[in-house]
Amino acid sequence: MAQAALKRSAAEAALAYIEPRLGPKTVVGVGTGSTADCFIDALAAVKHKFDAAVSSSEASAERLRGQGVAVIDLNAAPSVAVYVDGADEVDPGRCLTKGGGGALTREKIVAASADEFVCIVDDSKLVARLGSFPLPVEVVPMARGLVARALVGLGGEPEWRQGFTTDNGNLILDVHGLDIADPPALEREINNIVGVVCNGLFAANRADLVLVAGTDGVRQL
Ligand code: 5RP
């Protein structure tokens, strides 16, 4: 099965998982990327069953509105029942690398706000250890050099994502070659570099459930 079809399968499995949890006051958190787009398209079919969505990016907010789903500001949401999003890598402990689409900061904020984080991936995203996918780090523009030097000190090779600005007006350094033996420790260490807004390791806010689509169906991790 092609990767696009697997992404749709994972998204449909997420919809089946969350549908019994929806009610007139439910707010659903929505991620960013091609797999999250599949989820948005599936979610549209049940838009009458929940109150509103909170989005992790301007792009997803636009797609949600295009599907007739109400989008509210996170600060207006009394709670977020569930957050559904894709990932770039998933390890066996449900730690993730995210941010391939550059939305990592808002993704982490909505994930941290949600009662449950459901990650949806095709099985190409499963890894024994995080680190093959370069780790995205969102950085305040004036701190680019300072942060890049600190990341080199951690053993990484940062690459400035050219021509890209995040929804928050910042830039992304994609860090190659990091040894991610301890995702929670590295997540904390990178967050402590002055000028870093957020990094794409989701270990403190790892997924509660990963729905993995493969050619033989969708399994839970
Ligand atoms: C965006 C993300 C995405 O979830 C991640 O890049 C996966 O994208 P896709 O579903 O297109 O493979 O973190 O910032």
# chains A, B, ... in the order shown; residues from 1 in each chain; ligands from 1
>>> closest_atom_pairs(of="chain A", to="ligand 1", cutoff="6 Å", atoms="only C-alpha atoms and all ligand atoms", output="JSON lines")
{"residue": "A:Thr32", "atom": "CA", "partner": "ligand 1", "partner_atom_place_in_ligand_line": "1 (C)", "distance": 4.9}
{"residue": "A:Gly33", "atom": "CA", "partner": "ligand 1", "partner_atom_place_in_ligand_line": "11 (O)", "distance": 3.9}
{"residue": "A:Ser34", "atom": "CA", "partner": "ligand 1", "partner_atom_place_in_ligand_line": "11 (O)", "distance": 3.6}
{"residue": "A:Thr35", "atom": "CA", "partner": "ligand 1", "partner_atom_place_in_ligand_line": "10 (O)", "distance": 3.7}
{"residue": "A:Ala36", "atom": "CA", "partner": "ligand 1", "partner_atom_place_in_ligand_line": "10 (O)", "distance": 5.9}
{"residue": "A:Asp85", "atom": "CA", "partner": "ligand 1", "partner_atom_place_in_ligand_line": "4 (O)", "distance": 5.6}
{"residue": "A:Gly86", "atom": "CA", "partner": "ligand 1", "partner_atom_place_in_ligand_line": "4 (O)", "distance": 3.7}
{"residue": "A:Ala87", "atom": "CA", "partner": "ligand 1", "partner_atom_place_in_ligand_line": "4 (O)", "distance": 4.1}
{"residue": "A:Asp88", "atom": "CA", "partner": "ligand 1", "partner_atom_place_in_ligand_line": "7 (C)", "distance": 4.7}
{"residue": "A:Lys98", "atom": "CA", "partner": "ligand 1", "partner_atom_place_in_ligand_line": "13 (O)", "distance": 3.7}
{"residue": "A:Gly99", "atom": "CA", "partner": "ligand 1", "partner_atom_place_in_ligand_line": "14 (O)", "distance": 3.3}
{"residue": "A:Gly100", "atom": "CA", "partner": "ligand 1", "partner_atom_place_in_ligand_line": "6 (O)", "distance": 3.5}
{"residue": "A:Gly101", "atom": "CA", "partner": "ligand 1", "partner_atom_place_in_ligand_line": "14 (O)", "distance": 3.5}
{"residue": "A:Gly102", "atom": "CA", "partner": "ligand 1", "partner_atom_place_in_ligand_line": "14 (O)", "distance": 4.3}
{"residue": "A:Ala103", "atom": "CA", "partner": "ligand 1", "partner_atom_place_in_ligand_line": "14 (O)", "distance": 3.9}
{"residue": "A:Leu104", "atom": "CA", "partner": "ligand 1", "partner_atom_place_in_ligand_line": "14 (O)", "distance": 4.9}
>>> write_last_selection(atoms="all heavy atoms", output="PDB file, in the first residue's frame")
ATOM      1  N   THR A  32      -0.273  19.075  12.534  1.00  0.00           N
ATOM      2  CA  THR A  32       0.144  19.684  11.271  1.00  0.00           C
ATOM      3  C   THR A  32       0.921  18.665  10.437  1.00  0.00           C
ATOM      4  O   THR A  32       1.670  17.863  10.989  1.00  0.00           O
ATOM      5  CB  THR A  32       1.041  20.907  11.572  1.00  0.00           C
ATOM      6  OG1 THR A  32       0.266  21.854  12.315  1.00  0.00           O
ATOM      7  CG2 THR A  32       1.540  21.568  10.298  1.00  0.00           C
ATOM      8  N   GLY A  33       0.737  18.739   9.117  1.00  0.00           N
ATOM      9  CA  GLY A  33       1.477  17.846   8.226  1.00  0.00           C
ATOM     10  C   GLY A  33       0.521  17.041   7.365  1.00  0.00           C
ATOM     11  O   GLY A  33      -0.704  17.164   7.476  1.00  0.00           O
ATOM     12  N   SER A  34       1.061  16.191   6.516  1.00  0.00           N
ATOM     13  CA  SER A  34       0.212  15.464   5.564  1.00  0.00           C
ATOM     14  C   SER A  34      -0.665  14.420   6.258  1.00  0.00           C
ATOM     15  O   SER A  34      -1.803  14.181   5.826  1.00  0.00           O
ATOM     16  CB  SER A  34       1.077  14.817   4.474  1.00  0.00           C
ATOM     17  OG  SER A  34       2.042  13.968   5.045  1.00  0.00           O
ATOM     18  N   THR A  35      -0.172  13.799   7.330  1.00  0.00           N
ATOM     19  CA  THR A  35      -0.998  12.813   8.049  1.00  0.00           C
ATOM     20  C   THR A  35      -2.085  13.539   8.846  1.00  0.00           C
ATOM     21  O   THR A  35      -3.246  13.104   8.865  1.00  0.00           O
ATOM     22  CB  THR A  35      -0.128  11.942   8.977  1.00  0.00           C
ATOM     23  OG1 THR A  35       1.080  11.584   8.295  1.00  0.00           O
ATOM     24  CG2 THR A  35      -0.868  10.681   9.393  1.00  0.00           C
ATOM     25  N   ALA A  36      -1.719  14.650   9.465  1.00  0.00           N
ATOM     26  CA  ALA A  36      -2.723  15.461  10.167  1.00  0.00           C
ATOM     27  C   ALA A  36      -3.770  15.990   9.181  1.00  0.00           C
ATOM     28  O   ALA A  36      -4.964  16.075   9.523  1.00  0.00           O
ATOM     29  CB  ALA A  36      -2.048  16.611  10.916  1.00  0.00           C
ATOM     30  N   ASP A  85      -1.927  14.052  16.019  1.00  0.00           N
ATOM     31  CA  ASP A  85      -0.890  14.616  15.146  1.00  0.00           C
ATOM     32  C   ASP A  85       0.023  13.505  14.633  1.00  0.00           C
ATOM     33  O   ASP A  85       0.091  12.416  15.227  1.00  0.00           O
ATOM     34  CB  ASP A  85      -0.065  15.653  15.940  1.00  0.00           C
ATOM     35  CG  ASP A  85       0.759  16.564  15.040  1.00  0.00           C
ATOM     36  OD1 ASP A  85       0.687  16.435  13.804  1.00  0.00           O
ATOM     37  OD2 ASP A  85       1.482  17.423  15.590  1.00  0.00           O
ATOM     38  N   GLY A  86       0.731  13.790  13.570  1.00  0.00           N
ATOM     39  CA  GLY A  86       1.716  12.877  13.011  1.00  0.00           C
ATOM     40  C   GLY A  86       3.058  13.031  13.707  1.00  0.00           C
ATOM     41  O   GLY A  86       3.182  13.698  14.735  1.00  0.00           O
ATOM     42  N   ALA A  87       4.084  12.405  13.123  1.00  0.00           N
ATOM     43  CA  ALA A  87       5.445  12.501  13.666  1.00  0.00           C
ATOM     44  C   ALA A  87       6.434  12.157  12.557  1.00  0.00           C
ATOM     45  O   ALA A  87       6.065  11.539  11.554  1.00  0.00           O
ATOM     46  CB  ALA A  87       5.632  11.556  14.845  1.00  0.00           C
ATOM     47  N   ASP A  88       7.675  12.560  12.787  1.00  0.00           N
ATOM     48  CA  ASP A  88       8.735  12.217  11.830  1.00  0.00           C
ATOM     49  C   ASP A  88       9.434  10.922  12.227  1.00  0.00           C
ATOM     50  O   ASP A  88       9.882  10.174  11.364  1.00  0.00           O
ATOM     51  CB  ASP A  88       9.733  13.377  11.740  1.00  0.00           C
ATOM     52  CG  ASP A  88       9.052  14.632  11.224  1.00  0.00           C
ATOM     53  OD1 ASP A  88       8.509  14.591  10.107  1.00  0.00           O
ATOM     54  OD2 ASP A  88       9.010  15.641  11.960  1.00  0.00           O
ATOM     55  N   LYS A  98       9.480  15.486  16.044  1.00  0.00           N
ATOM     56  CA  LYS A  98       8.475  16.202  15.265  1.00  0.00           C
ATOM     57  C   LYS A  98       9.085  17.528  14.782  1.00  0.00           C
ATOM     58  O   LYS A  98      10.150  17.913  15.219  1.00  0.00           O
ATOM     59  CB  LYS A  98       7.223  16.478  16.113  1.00  0.00           C
ATOM     60  CG  LYS A  98       6.434  15.212  16.386  1.00  0.00           C
ATOM     61  CD  LYS A  98       5.112  15.470  17.116  1.00  0.00           C
ATOM     62  CE  LYS A  98       4.278  16.575  16.558  1.00  0.00           C
ATOM     63  NZ  LYS A  98       3.984  16.422  15.110  1.00  0.00           N
ATOM     64  N   GLY A  99       8.351  18.169  13.871  1.00  0.00           N
ATOM     65  CA  GLY A  99       8.797  19.479  13.417  1.00  0.00           C
ATOM     66  C   GLY A  99       9.286  19.514  11.988  1.00  0.00           C
ATOM     67  O   GLY A  99       9.784  20.538  11.530  1.00  0.00           O
ATOM     68  N   GLY A 100       9.119  18.379  11.275  1.00  0.00           N
ATOM     69  CA  GLY A 100       9.485  18.382   9.853  1.00  0.00           C
ATOM     70  C   GLY A 100       8.753  19.483   9.096  1.00  0.00           C
ATOM     71  O   GLY A 100       9.287  20.052   8.141  1.00  0.00           O
ATOM     72  N   GLY A 101       7.549  19.798   9.558  1.00  0.00           N
ATOM     73  CA  GLY A 101       6.772  20.880   8.932  1.00  0.00           C
ATOM     74  C   GLY A 101       6.984  22.218   9.611  1.00  0.00           C
ATOM     75  O   GLY A 101       6.357  23.215   9.239  1.00  0.00           O
ATOM     76  N   GLY A 102       7.834  22.237  10.635  1.00  0.00           N
ATOM     77  CA  GLY A 102       8.196  23.491  11.291  1.00  0.00           C
ATOM     78  C   GLY A 102       7.193  24.006  12.313  1.00  0.00           C
ATOM     79  O   GLY A 102       7.328  25.117  12.814  1.00  0.00           O
ATOM     80  N   ALA A 103       6.204  23.163  12.669  1.00  0.00           N
ATOM     81  CA  ALA A 103       5.154  23.634  13.590  1.00  0.00           C
ATOM     82  C   ALA A 103       5.369  23.121  15.017  1.00  0.00           C
ATOM     83  O   ALA A 103       4.454  23.140  15.836  1.00  0.00           O
ATOM     84  CB  ALA A 103       3.785  23.179  13.070  1.00  0.00           C
ATOM     85  N   LEU A 104       6.602  22.699  15.324  1.00  0.00           N
ATOM     86  CA  LEU A 104       6.846  21.975  16.574  1.00  0.00           C
ATOM     87  C   LEU A 104       6.430  22.713  17.840  1.00  0.00           C
ATOM     88  O   LEU A 104       5.928  22.085  18.778  1.00  0.00           O
ATOM     89  CB  LEU A 104       8.318  21.565  16.653  1.00  0.00           C
ATOM     90  CG  LEU A 104       9.346  22.695  16.619  1.00  0.00           C
ATOM     91  CD1 LEU A 104      10.592  22.294  17.373  1.00  0.00           C
ATOM     92  CD2 LEU A 104       9.746  22.998  15.187  1.00  0.00           C
TER      93      LEU A 104
END
>>> select_by_dssp(residues="chain A", states="alpha helix (DSSP H)", output="MDAnalysis selection string")
chainID A and resid 3:18 34:43 58:66 104:113 144:153 183:191
>>> residues_around(residues="stretch 111-126 of chain A", least_positions_apart="5", cutoff="8 Å", atoms="only C-alpha atoms", output="PyMOL selection string")
chain A and resi 3+6-7+10-11+14+29+35-36+79-92+205-214
>>> select_by_dssp(residues="stretch 3-209 of chain A", states="strand (DSSP E or B)", output="VMD selection string")
chain A and resid 27 to 30 52 to 55 71 80 82 to 85 89 to 90 96 to 97 114 117 to 122 126 135 to 139 157 to 160 171 to 176 196 to 199 201 to 202 209
>>> write_last_selection(atoms="N, CA and C atoms", output="short mmCIF file (atom, residue, chain, number, x, y, z; two decimals), in the first residue's frame")
data_model
loop_
_atom_site.label_atom_id
_atom_site.label_comp_id
_atom_site.auth_asym_id
_atom_site.auth_seq_id
_atom_site.Cartn_x
_atom_site.Cartn_y
_atom_site.Cartn_z
N VAL A 27 -13.39 19.91 22.87
CA VAL A 27 -12.44 20.60 21.98
C VAL A 27 -11.38 19.58 21.57
N VAL A 28 -11.13 19.53 20.26
CA VAL A 28 -10.16 18.57 19.71
C VAL A 28 -8.92 19.34 19.24
N GLY A 29 -7.75 18.89 19.68
CA GLY A 29 -6.49 19.48 19.22
C GLY A 29 -6.04 18.81 17.94
N VAL A 30 -5.58 19.63 16.99
CA VAL A 30 -5.25 19.10 15.66
C VAL A 30 -3.83 19.50 15.27
N ALA A 52 -15.40 22.42 18.96
CA ALA A 52 -14.45 23.18 18.13
C ALA A 52 -13.11 22.49 18.14
N ALA A 53 -12.24 22.97 17.27
CA ALA A 53 -10.85 22.49 17.21
C ALA A 53 -9.91 23.59 17.66
N VAL A 54 -8.76 23.16 18.21
CA VAL A 54 -7.64 24.05 18.44
C VAL A 54 -6.54 23.57 17.51
N SER A 55 -5.93 24.49 16.79
CA SER A 55 -4.97 24.09 15.76
C SER A 55 -3.53 24.38 16.17
N VAL A 71 -12.72 26.79 14.59
CA VAL A 71 -11.39 26.80 15.19
C VAL A 71 -11.36 27.90 16.25
N VAL A 80 -8.73 20.60 26.46
CA VAL A 80 -8.59 19.94 25.15
C VAL A 80 -8.61 18.44 25.42
N VAL A 82 -8.39 15.75 23.42
CA VAL A 82 -7.44 14.88 22.74
C VAL A 82 -6.70 15.69 21.68
N TYR A 83 -5.43 15.35 21.48
CA TYR A 83 -4.62 15.98 20.43
C TYR A 83 -4.19 14.88 19.45
N VAL A 84 -4.42 15.09 18.18
CA VAL A 84 -4.07 14.10 17.16
C VAL A 84 -3.08 14.72 16.18
N ASP A 85 -1.93 14.05 16.02
CA ASP A 85 -0.89 14.62 15.15
C ASP A 85 0.02 13.50 14.63
N GLU A 89 9.55 10.67 13.52
CA GLU A 89 10.09 9.40 14.03
C GLU A 89 9.37 9.04 15.32
N VAL A 90 9.22 7.74 15.53
CA VAL A 90 8.58 7.22 16.77
C VAL A 90 9.47 6.10 17.30
N LEU A 96 8.96 10.90 20.43
CA LEU A 96 8.82 11.30 19.03
C LEU A 96 9.86 12.35 18.64
N THR A 97 10.18 12.37 17.36
CA THR A 97 10.76 13.56 16.75
C THR A 97 9.67 14.17 15.89
N ALA A 114 -3.46 18.94 26.11
CA ALA A 114 -4.50 17.92 25.88
C ALA A 114 -4.47 16.84 26.96
N PHE A 117 -2.73 12.42 23.99
CA PHE A 117 -2.04 12.69 22.73
C PHE A 117 -2.01 11.40 21.91
N VAL A 118 -2.72 11.44 20.80
CA VAL A 118 -2.77 10.29 19.89
C VAL A 118 -1.93 10.63 18.66
N CYS A 119 -0.88 9.84 18.45
CA CYS A 119 0.01 10.07 17.32
C CYS A 119 -0.35 9.10 16.20
N ILE A 120 -0.38 9.61 14.97
CA ILE A 120 -0.78 8.76 13.83
C ILE A 120 0.36 8.75 12.80
N VAL A 121 0.82 7.55 12.49
CA VAL A 121 1.94 7.42 11.55
C VAL A 121 1.75 6.19 10.66
N ASP A 122 2.45 6.23 9.51
CA ASP A 122 2.63 4.99 8.76
C ASP A 122 3.89 4.31 9.31
N LEU A 126 8.59 4.32 12.26
CA LEU A 126 9.05 3.61 13.46
C LEU A 126 10.57 3.42 13.41
N LEU A 135 16.95 16.71 13.89
CA LEU A 135 16.07 17.26 14.93
C LEU A 135 15.80 18.75 14.69
N PRO A 136 14.53 19.14 14.47
CA PRO A 136 14.22 20.55 14.29
C PRO A 136 14.27 21.32 15.63
N VAL A 137 14.89 22.48 15.60
CA VAL A 137 14.95 23.34 16.79
C VAL A 137 14.49 24.73 16.36
N GLU A 138 13.46 25.26 17.03
CA GLU A 138 12.98 26.62 16.72
C GLU A 138 13.78 27.62 17.53
N VAL A 139 14.28 28.65 16.85
CA VAL A 139 15.25 29.57 17.45
C VAL A 139 14.84 31.01 17.17
N GLU A 157 25.16 18.70 14.07
CA GLU A 157 25.54 19.54 12.92
C GLU A 157 24.29 20.31 12.49
N PRO A 158 24.12 21.53 13.02
CA PRO A 158 22.90 22.29 12.71
C PRO A 158 22.92 22.86 11.29
N GLU A 159 21.76 22.79 10.66
CA GLU A 159 21.61 23.34 9.31
C GLU A 159 20.43 24.30 9.33
N TRP A 160 20.66 25.54 8.93
CA TRP A 160 19.60 26.56 8.91
C TRP A 160 18.60 26.21 7.81
N LEU A 171 13.08 31.05 13.33
CA LEU A 171 13.70 30.19 12.31
C LEU A 171 13.91 28.78 12.87
N ILE A 172 14.25 27.88 11.96
CA ILE A 172 14.46 26.48 12.35
C ILE A 172 15.90 26.08 12.03
N LEU A 173 16.56 25.44 13.01
CA LEU A 173 17.82 24.75 12.75
C LEU A 173 17.51 23.25 12.75
N ASP A 174 17.84 22.55 11.67
CA ASP A 174 17.69 21.09 11.62
C ASP A 174 19.03 20.49 12.01
N VAL A 175 19.01 19.71 13.09
CA VAL A 175 20.28 19.24 13.66
C VAL A 175 20.53 17.78 13.28
N HIS A 176 21.58 17.58 12.50
CA HIS A 176 21.95 16.24 12.06
C HIS A 176 22.95 15.62 13.06
N VAL A 196 16.74 29.25 22.32
CA VAL A 196 15.90 28.16 21.81
C VAL A 196 14.47 28.39 22.30
N VAL A 197 13.53 28.32 21.37
CA VAL A 197 12.12 28.43 21.73
C VAL A 197 11.58 27.06 22.11
N CYS A 198 11.99 26.06 21.33
CA CYS A 198 11.43 24.72 21.52
C CYS A 198 12.23 23.76 20.65
N ASN A 199 12.30 22.50 21.04
CA ASN A 199 12.92 21.53 20.12
C ASN A 199 11.95 20.40 19.83
N LEU A 201 12.01 17.21 20.01
CA LEU A 201 11.89 15.98 20.78
C LEU A 201 10.64 16.06 21.64
N PHE A 202 9.77 15.09 21.49
CA PHE A 202 8.57 15.00 22.32
C PHE A 202 8.76 13.79 23.22
N LEU A 209 -0.68 7.31 22.93
CA LEU A 209 -1.05 6.20 22.05
C LEU A 209 -0.51 6.51 20.66
#
>>> residues_around(residues="A:Ile193", least_positions_apart="3", cutoff="8 Å", atoms="only C-alpha atoms", output="list in words")
Val147, Ala150, Glu189, Ile190 and Val196 of chain A
>>> atom_distance(atom1="atom CA of A:Ala61", atom2="atom CA of A:Arg188")
29.1 Å
>>> closest_residue(among="A:Phe50, A:Gly169, A:Gly31, A:Val127", to="A:Ile109", atoms="only C-alpha atoms")
A:Gly31
>>> closest_residue(among="A:Val110, A:Arg129, A:Ile18, A:Ala4", to="A:Ala181", atoms="only C-alpha atoms")
A:Arg129
>>> atom_distance(atom1="atom CA of A:Ala59", atom2="atom CA of A:Ile40")
11.3 Å
